[in-house]
Amino acid sequence: MTSSKTIVLRSSDGATFEVDEAVALHSLMIKHRIETGGADSTTIDVPEVTGNTLSKVIEYCKKHVEAPNSDDLKSFDTDFVKVDQAVLCHLAKASYYMNIKGLLDLSSKTIADMFKGKTVEQIRETFHIKNDFTPEEEEELRKENSWNLFV
Amino acid sequence: MFACRTLLKQIRKKKRRKPHKSTSKTPKQNPNSRTQDSHEFSLKSQALGVQPLGNLYLASSHHNSRTTGLGTIQTLTDELILDILGLLEATHLGVLSTVSKSLYVFCNHEPIWKNLVLDSSPHGFLFKGSWKSTYVAKRYPNYYSKVGSLGLKVQDFYSDYLFQSWLCANLEMKDEWLVRDNIIRRKGISVDEFVRDFEGLNKPVLLEGCLDNWGAMKKWGRDYLVEVCGDVRFSVGPTQMTMNDYFVYADQAQEERPLYLFDPRFANKVTKLGQDYEVPVYFNEDLFSVLGDERPDYRWIIIGPAGSGSSFHIDPNSTSAWNAVVKGSKKWVLFPPDVVPPGVYPSADGAEVACPVSINEWFMNFYEATKTWKKRPVECVCKAGEVIFVPNGWWHLVINLEDSIAITQNFVSRRNLLNVLDFLKKPNASTLVSGTRDRVNLHDKFKKAIEASFPGTIDELAKEAEKKKAELEKLSFWDSVKDSNSGGFKFSF
């Protein structure tokens, strides 16, 4: 059952995106809205996501719906998350809200990987985090982590 | 090999938490806790000092260490951060916990360490007061003795999600949640009376005096079970552990959803346990027994501490059930099949039931609503020596009010045989049917076996059901004829 029906998605800042219904359904949240929406389900508001992020999310959905078996899907995904941290965080939040499992897994794993293999100082630098422990507290932390070769 | 868990699976396990408004509940009395002023909650001995967001507005300094402590990832929600941390190994979490106070709080969130323990312990674990300590002790036994309990307390960390998590883990059942007890109780009734007044009408009932001759009532307790079961392992969540190790955990557990021991093969594993009880006479008709060893799981021993239990669900395969409390006591809340409990969102095919995270959260957020509903739930506290009958299709929630041991069985009798066959015939039955190795063919196998052992029964029951249905339809037709509002046929004089 193929349809060339299109859906309009509207972001928090009023930007609208016309997408094939099949692409929109990649988001389970949208799927649920359409199924329970009744008559006027041709325009769906996505108030938790800005236009910039929504545009990227749609790009992801398009690729995964239209070419799910393509050989370059993996490299598409890898390149897709080569973005700055703010965008990455927005993608994670949007995919959580819009219930897009693949994108959620991808963005979350990317963030998780950024924590791995780094020293404490490197993590602070990467994420612009200030050290708010006192020297006494740091001593306590060292004791707590005596089992951990990486601390 | 560390397995990368997918997030949405974890999210579905946790489910979305609704913000909790009132904080008028009293936390569990903990011998380690001190009396508090509003800005410094001393939680349990693993005190972290997390406060709800509302307190931030009352604080003299409006600094939330969450903001500075997370840097560029502060825009992520707490749930997302916890899910991401759930992808890391223990060493990464340890390093991260030393980055900032905020990350210290997140990285010490017990459910993360609980998953690490359970994922790496198929044969059980020895609980050491907290999930983190348990993991470290198991993985790094040489270092464990040098690790102190979490000493750091953070005073300016505000988060609704983490606070609610602590709250749910530490709340005791409020008295007002236990007061309503409107189930019908019977003692010493005949099987015919039970079938006529309860099973046949699909009504729950609490039966007293049926367990008087159970060996279990005299013998079962911690010492007996540990001695009789020895090194045999029983199902506890995703792992298998000895009775002794389970009790070590149960004594110390203080969390939102304590693990409970729930084993469908307890009588196969330790024959003596099966000999210590017998099925109450009312439930002797057990039609799945025609399948012999191929029958779905049908009987469980359930052991759990206060706070453990099951949030709203309907029992599998359209069976009915009985639950007998040997030790302790359980609070039950039941809704009939046509009334979905507040806060529960079943999917259209019934395959998925979304409930709030924990039983405590349901009581905190949804129990009040039931007081104003026309169709009130059936409620009771079932004590040691009592048995509750849960008719097929009824929603139910159970929580142990104290350390409890119980036996439960699911069964099919002639009263619900047709229901069960219908259920097994459904196209999605293979996903919904539980507790058996051969889901796809269960309907056909069962039907055949019934025909073999009780020839003609299914047809007889089907005829009776048709008759009843026809009578009901006839009734409603004549009702509509008499009803002047219906616009149906009426005589005029």
# chains A, B, ... in the order shown; residues from 1 in each chain; ligands from 1
$ interface_residues --of "chain B" --to "chain A" --cutoff "6 Å" --atoms "only C-alpha atoms" --output "ChimeraX atom specification"
/B:69,71-72,84,91,95,99-100,143,147
$ residues_around --residues "Met217 of chain B" --least-positions-apart "6" --cutoff "9 Å" --atoms "only C-alpha atoms" --output "PDB file with N, CA, C and O atoms, in the first residue's frame"
ATOM      1  N   LEU B 211      -5.596 -22.811  53.611  1.00  0.00           N
ATOM      2  CA  LEU B 211      -4.189 -23.205  53.660  1.00  0.00           C
ATOM      3  C   LEU B 211      -3.824 -23.862  54.987  1.00  0.00           C
ATOM      4  O   LEU B 211      -2.661 -24.102  55.267  1.00  0.00           O
ATOM      5  N   ASP B 276       5.115 -29.315  49.922  1.00  0.00           N
ATOM      6  CA  ASP B 276       4.697 -28.553  51.096  1.00  0.00           C
ATOM      7  C   ASP B 276       3.381 -27.809  50.903  1.00  0.00           C
ATOM      8  O   ASP B 276       2.927 -27.099  51.804  1.00  0.00           O
ATOM      9  N   TYR B 277       2.774 -27.919  49.709  1.00  0.00           N
ATOM     10  CA  TYR B 277       1.507 -27.227  49.502  1.00  0.00           C
ATOM     11  C   TYR B 277       0.629 -28.082  48.599  1.00  0.00           C
ATOM     12  O   TYR B 277       1.109 -29.012  47.952  1.00  0.00           O
ATOM     13  N   VAL B 326       1.791 -17.209  52.055  1.00  0.00           N
ATOM     14  CA  VAL B 326       2.282 -18.121  53.090  1.00  0.00           C
ATOM     15  C   VAL B 326       2.862 -17.313  54.248  1.00  0.00           C
ATOM     16  O   VAL B 326       2.637 -17.617  55.409  1.00  0.00           O
ATOM     17  N   LYS B 327       3.625 -16.267  53.899  1.00  0.00           N
ATOM     18  CA  LYS B 327       4.202 -15.391  54.920  1.00  0.00           C
ATOM     19  C   LYS B 327       4.073 -13.958  54.441  1.00  0.00           C
ATOM     20  O   LYS B 327       4.219 -13.679  53.259  1.00  0.00           O
ATOM     21  N   ALA B 384      -1.229 -13.606  55.528  1.00  0.00           N
ATOM     22  CA  ALA B 384      -0.768 -14.995  55.566  1.00  0.00           C
ATOM     23  C   ALA B 384      -1.937 -15.917  55.877  1.00  0.00           C
ATOM     24  O   ALA B 384      -2.721 -15.658  56.788  1.00  0.00           O
ATOM     25  N   GLY B 385      -2.067 -16.979  55.091  1.00  0.00           N
ATOM     26  CA  GLY B 385      -3.147 -17.940  55.284  1.00  0.00           C
ATOM     27  C   GLY B 385      -4.345 -17.672  54.384  1.00  0.00           C
ATOM     28  O   GLY B 385      -5.292 -18.449  54.355  1.00  0.00           O
TER      29      GLY B 385
END
$ residues_around --residues "segment 301-318 of chain B" --least-positions-apart "2" --cutoff "8 Å" --atoms "only C-alpha atoms" --output "VMD selection string"
chain B and resid 172 250 to 251 256 to 264 266 299 320 to 321 341 344 353 355 358 to 359 392 to 408 416 419 to 420 423 to 424 432 to 434
$ write_last_selection --atoms "N, CA and C atoms" --output "compact mmCIF listing (two decimals), in the first residue's frame"
# COMPACT_ATOMS: atom_id res chain seq x y z
N GLU B 172 7.26 4.84 51.99
CA GLU B 172 6.51 3.71 52.51
C GLU B 172 5.08 3.86 52.02
N ALA B 250 17.63 -9.02 49.48
CA ALA B 250 16.32 -8.51 49.89
C ALA B 250 16.40 -7.74 51.20
N ASP B 251 17.27 -8.16 52.09
CA ASP B 251 17.41 -7.48 53.38
C ASP B 251 17.94 -6.07 53.22
N GLU B 256 13.36 1.56 44.00
CA GLU B 256 12.03 1.77 43.48
C GLU B 256 11.34 0.46 43.10
N ARG B 257 12.07 -0.41 42.45
CA ARG B 257 11.50 -1.69 42.06
C ARG B 257 12.41 -2.81 42.53
N PRO B 258 12.26 -3.24 43.80
CA PRO B 258 13.13 -4.31 44.28
C PRO B 258 12.91 -5.57 43.45
N LEU B 259 13.96 -6.30 43.21
CA LEU B 259 13.83 -7.57 42.50
C LEU B 259 13.09 -8.56 43.38
N TYR B 260 12.26 -9.38 42.77
CA TYR B 260 11.66 -10.44 43.56
C TYR B 260 11.95 -11.79 42.92
N LEU B 261 11.95 -12.81 43.76
CA LEU B 261 12.23 -14.17 43.31
C LEU B 261 10.93 -14.72 42.76
N PHE B 262 10.96 -15.17 41.51
CA PHE B 262 9.72 -15.55 40.84
C PHE B 262 10.06 -16.70 39.92
N ASP B 263 9.85 -17.93 40.38
CA ASP B 263 10.36 -19.08 39.64
C ASP B 263 9.24 -20.05 39.27
N PRO B 264 9.07 -20.34 37.97
CA PRO B 264 8.01 -21.25 37.55
C PRO B 264 8.40 -22.72 37.65
N PHE B 266 10.01 -24.04 40.47
CA PHE B 266 10.51 -24.26 41.82
C PHE B 266 10.27 -25.68 42.30
N ARG B 299 2.80 -22.33 37.59
CA ARG B 299 2.88 -22.12 39.03
C ARG B 299 4.22 -21.50 39.41
N SER B 320 -7.23 -17.67 34.57
CA SER B 320 -7.55 -17.14 35.90
C SER B 320 -6.40 -17.52 36.83
N ALA B 321 -6.41 -16.96 38.03
CA ALA B 321 -5.29 -17.24 38.93
C ALA B 321 -5.73 -17.25 40.38
N PRO B 341 -7.25 0.76 34.20
CA PRO B 341 -6.87 1.55 35.37
C PRO B 341 -6.29 2.91 34.97
N VAL B 344 -2.72 3.80 32.99
CA VAL B 344 -2.29 2.63 32.22
C VAL B 344 -2.70 2.82 30.78
N VAL B 353 1.64 -2.90 27.49
CA VAL B 353 0.92 -2.15 28.51
C VAL B 353 1.89 -1.16 29.11
N CYS B 355 2.81 1.45 31.84
CA CYS B 355 2.44 1.84 33.19
C CYS B 355 3.48 2.81 33.72
N SER B 358 6.89 2.80 38.74
CA SER B 358 6.85 1.93 39.91
C SER B 358 5.46 1.95 40.53
N ILE B 359 5.24 0.97 41.37
CA ILE B 359 3.96 0.86 42.07
C ILE B 359 3.76 2.09 42.93
N ASN B 392 -10.20 -14.32 35.19
CA ASN B 392 -9.46 -14.04 33.96
C ASN B 392 -9.82 -12.69 33.38
N GLY B 393 -8.82 -12.02 32.85
CA GLY B 393 -9.01 -10.73 32.21
C GLY B 393 -8.97 -9.54 33.15
N TRP B 394 -8.95 -9.75 34.44
CA TRP B 394 -8.95 -8.64 35.39
C TRP B 394 -7.57 -8.01 35.49
N TRP B 395 -7.54 -6.65 35.45
CA TRP B 395 -6.31 -5.92 35.71
C TRP B 395 -5.98 -6.06 37.19
N HIS B 396 -4.70 -6.23 37.49
CA HIS B 396 -4.36 -6.23 38.91
C HIS B 396 -2.97 -5.70 39.17
N LEU B 397 -2.82 -5.10 40.34
CA LEU B 397 -1.56 -4.57 40.85
C LEU B 397 -1.37 -5.17 42.24
N VAL B 398 -0.13 -5.60 42.53
CA VAL B 398 0.13 -6.20 43.85
C VAL B 398 1.40 -5.61 44.41
N ILE B 399 1.40 -5.32 45.71
CA ILE B 399 2.65 -4.88 46.34
C ILE B 399 2.80 -5.57 47.69
N ASN B 400 3.98 -6.07 47.95
CA ASN B 400 4.27 -6.68 49.25
C ASN B 400 4.40 -5.59 50.30
N LEU B 401 3.68 -5.75 51.41
CA LEU B 401 3.74 -4.75 52.46
C LEU B 401 4.85 -5.07 53.46
N GLU B 402 5.35 -6.28 53.40
CA GLU B 402 6.45 -6.73 54.27
C GLU B 402 7.11 -7.88 53.54
N ASP B 403 8.19 -8.42 54.11
CA ASP B 403 8.83 -9.58 53.48
C ASP B 403 7.77 -10.66 53.30
N SER B 404 7.61 -11.15 52.10
CA SER B 404 6.51 -12.08 51.84
C SER B 404 6.94 -13.28 51.02
N ILE B 405 6.24 -14.38 51.28
CA ILE B 405 6.43 -15.60 50.49
C ILE B 405 5.03 -16.04 50.07
N ALA B 406 4.87 -16.36 48.80
CA ALA B 406 3.56 -16.75 48.31
C ALA B 406 3.69 -17.81 47.22
N ILE B 407 2.58 -18.48 46.97
CA ILE B 407 2.50 -19.41 45.83
C ILE B 407 1.36 -18.90 44.96
N THR B 408 1.57 -18.90 43.65
CA THR B 408 0.49 -18.53 42.75
C THR B 408 0.41 -19.51 41.61
N ASN B 416 -13.56 -20.82 31.84
CA ASN B 416 -12.87 -19.90 30.93
C ASN B 416 -12.17 -20.62 29.77
N ASN B 419 -12.75 -18.86 26.38
CA ASN B 419 -11.96 -17.61 26.34
C ASN B 419 -10.52 -17.90 25.97
N VAL B 420 -9.98 -18.92 26.62
CA VAL B 420 -8.58 -19.25 26.41
C VAL B 420 -8.36 -19.71 24.97
N PHE B 423 -8.42 -16.77 22.73
CA PHE B 423 -7.19 -16.00 22.89
C PHE B 423 -6.05 -16.63 22.10
N LEU B 424 -5.94 -17.95 22.22
CA LEU B 424 -4.83 -18.64 21.56
C LEU B 424 -4.97 -18.65 20.04
N LEU B 432 1.83 -12.88 22.18
CA LEU B 432 1.21 -12.62 23.47
C LEU B 432 1.26 -13.82 24.40
N VAL B 433 1.18 -14.99 23.83
CA VAL B 433 1.16 -16.20 24.65
C VAL B 433 2.48 -16.34 25.38
N SER B 434 2.41 -16.58 26.66
CA SER B 434 3.67 -16.62 27.40
C SER B 434 3.85 -17.94 28.11
$ select_by_dssp --residues "segment 273-456 of chain B" --states "strand (DSSP E or B)" --output "ChimeraX atom specification"
/B:299-304,309-313,320-327,329-335,345-346,353-354,378-383,386-390,395-400,404-411
$ atom_distance --atom1 "atom CA of Leu417 of chain B" --atom2 "atom CA of Asp197 of chain B"
18.1 Å
$ atom_distance --atom1 "atom CA of Glu79 of chain B" --atom2 "atom CA of Leu96 of chain B"
17.0 Å
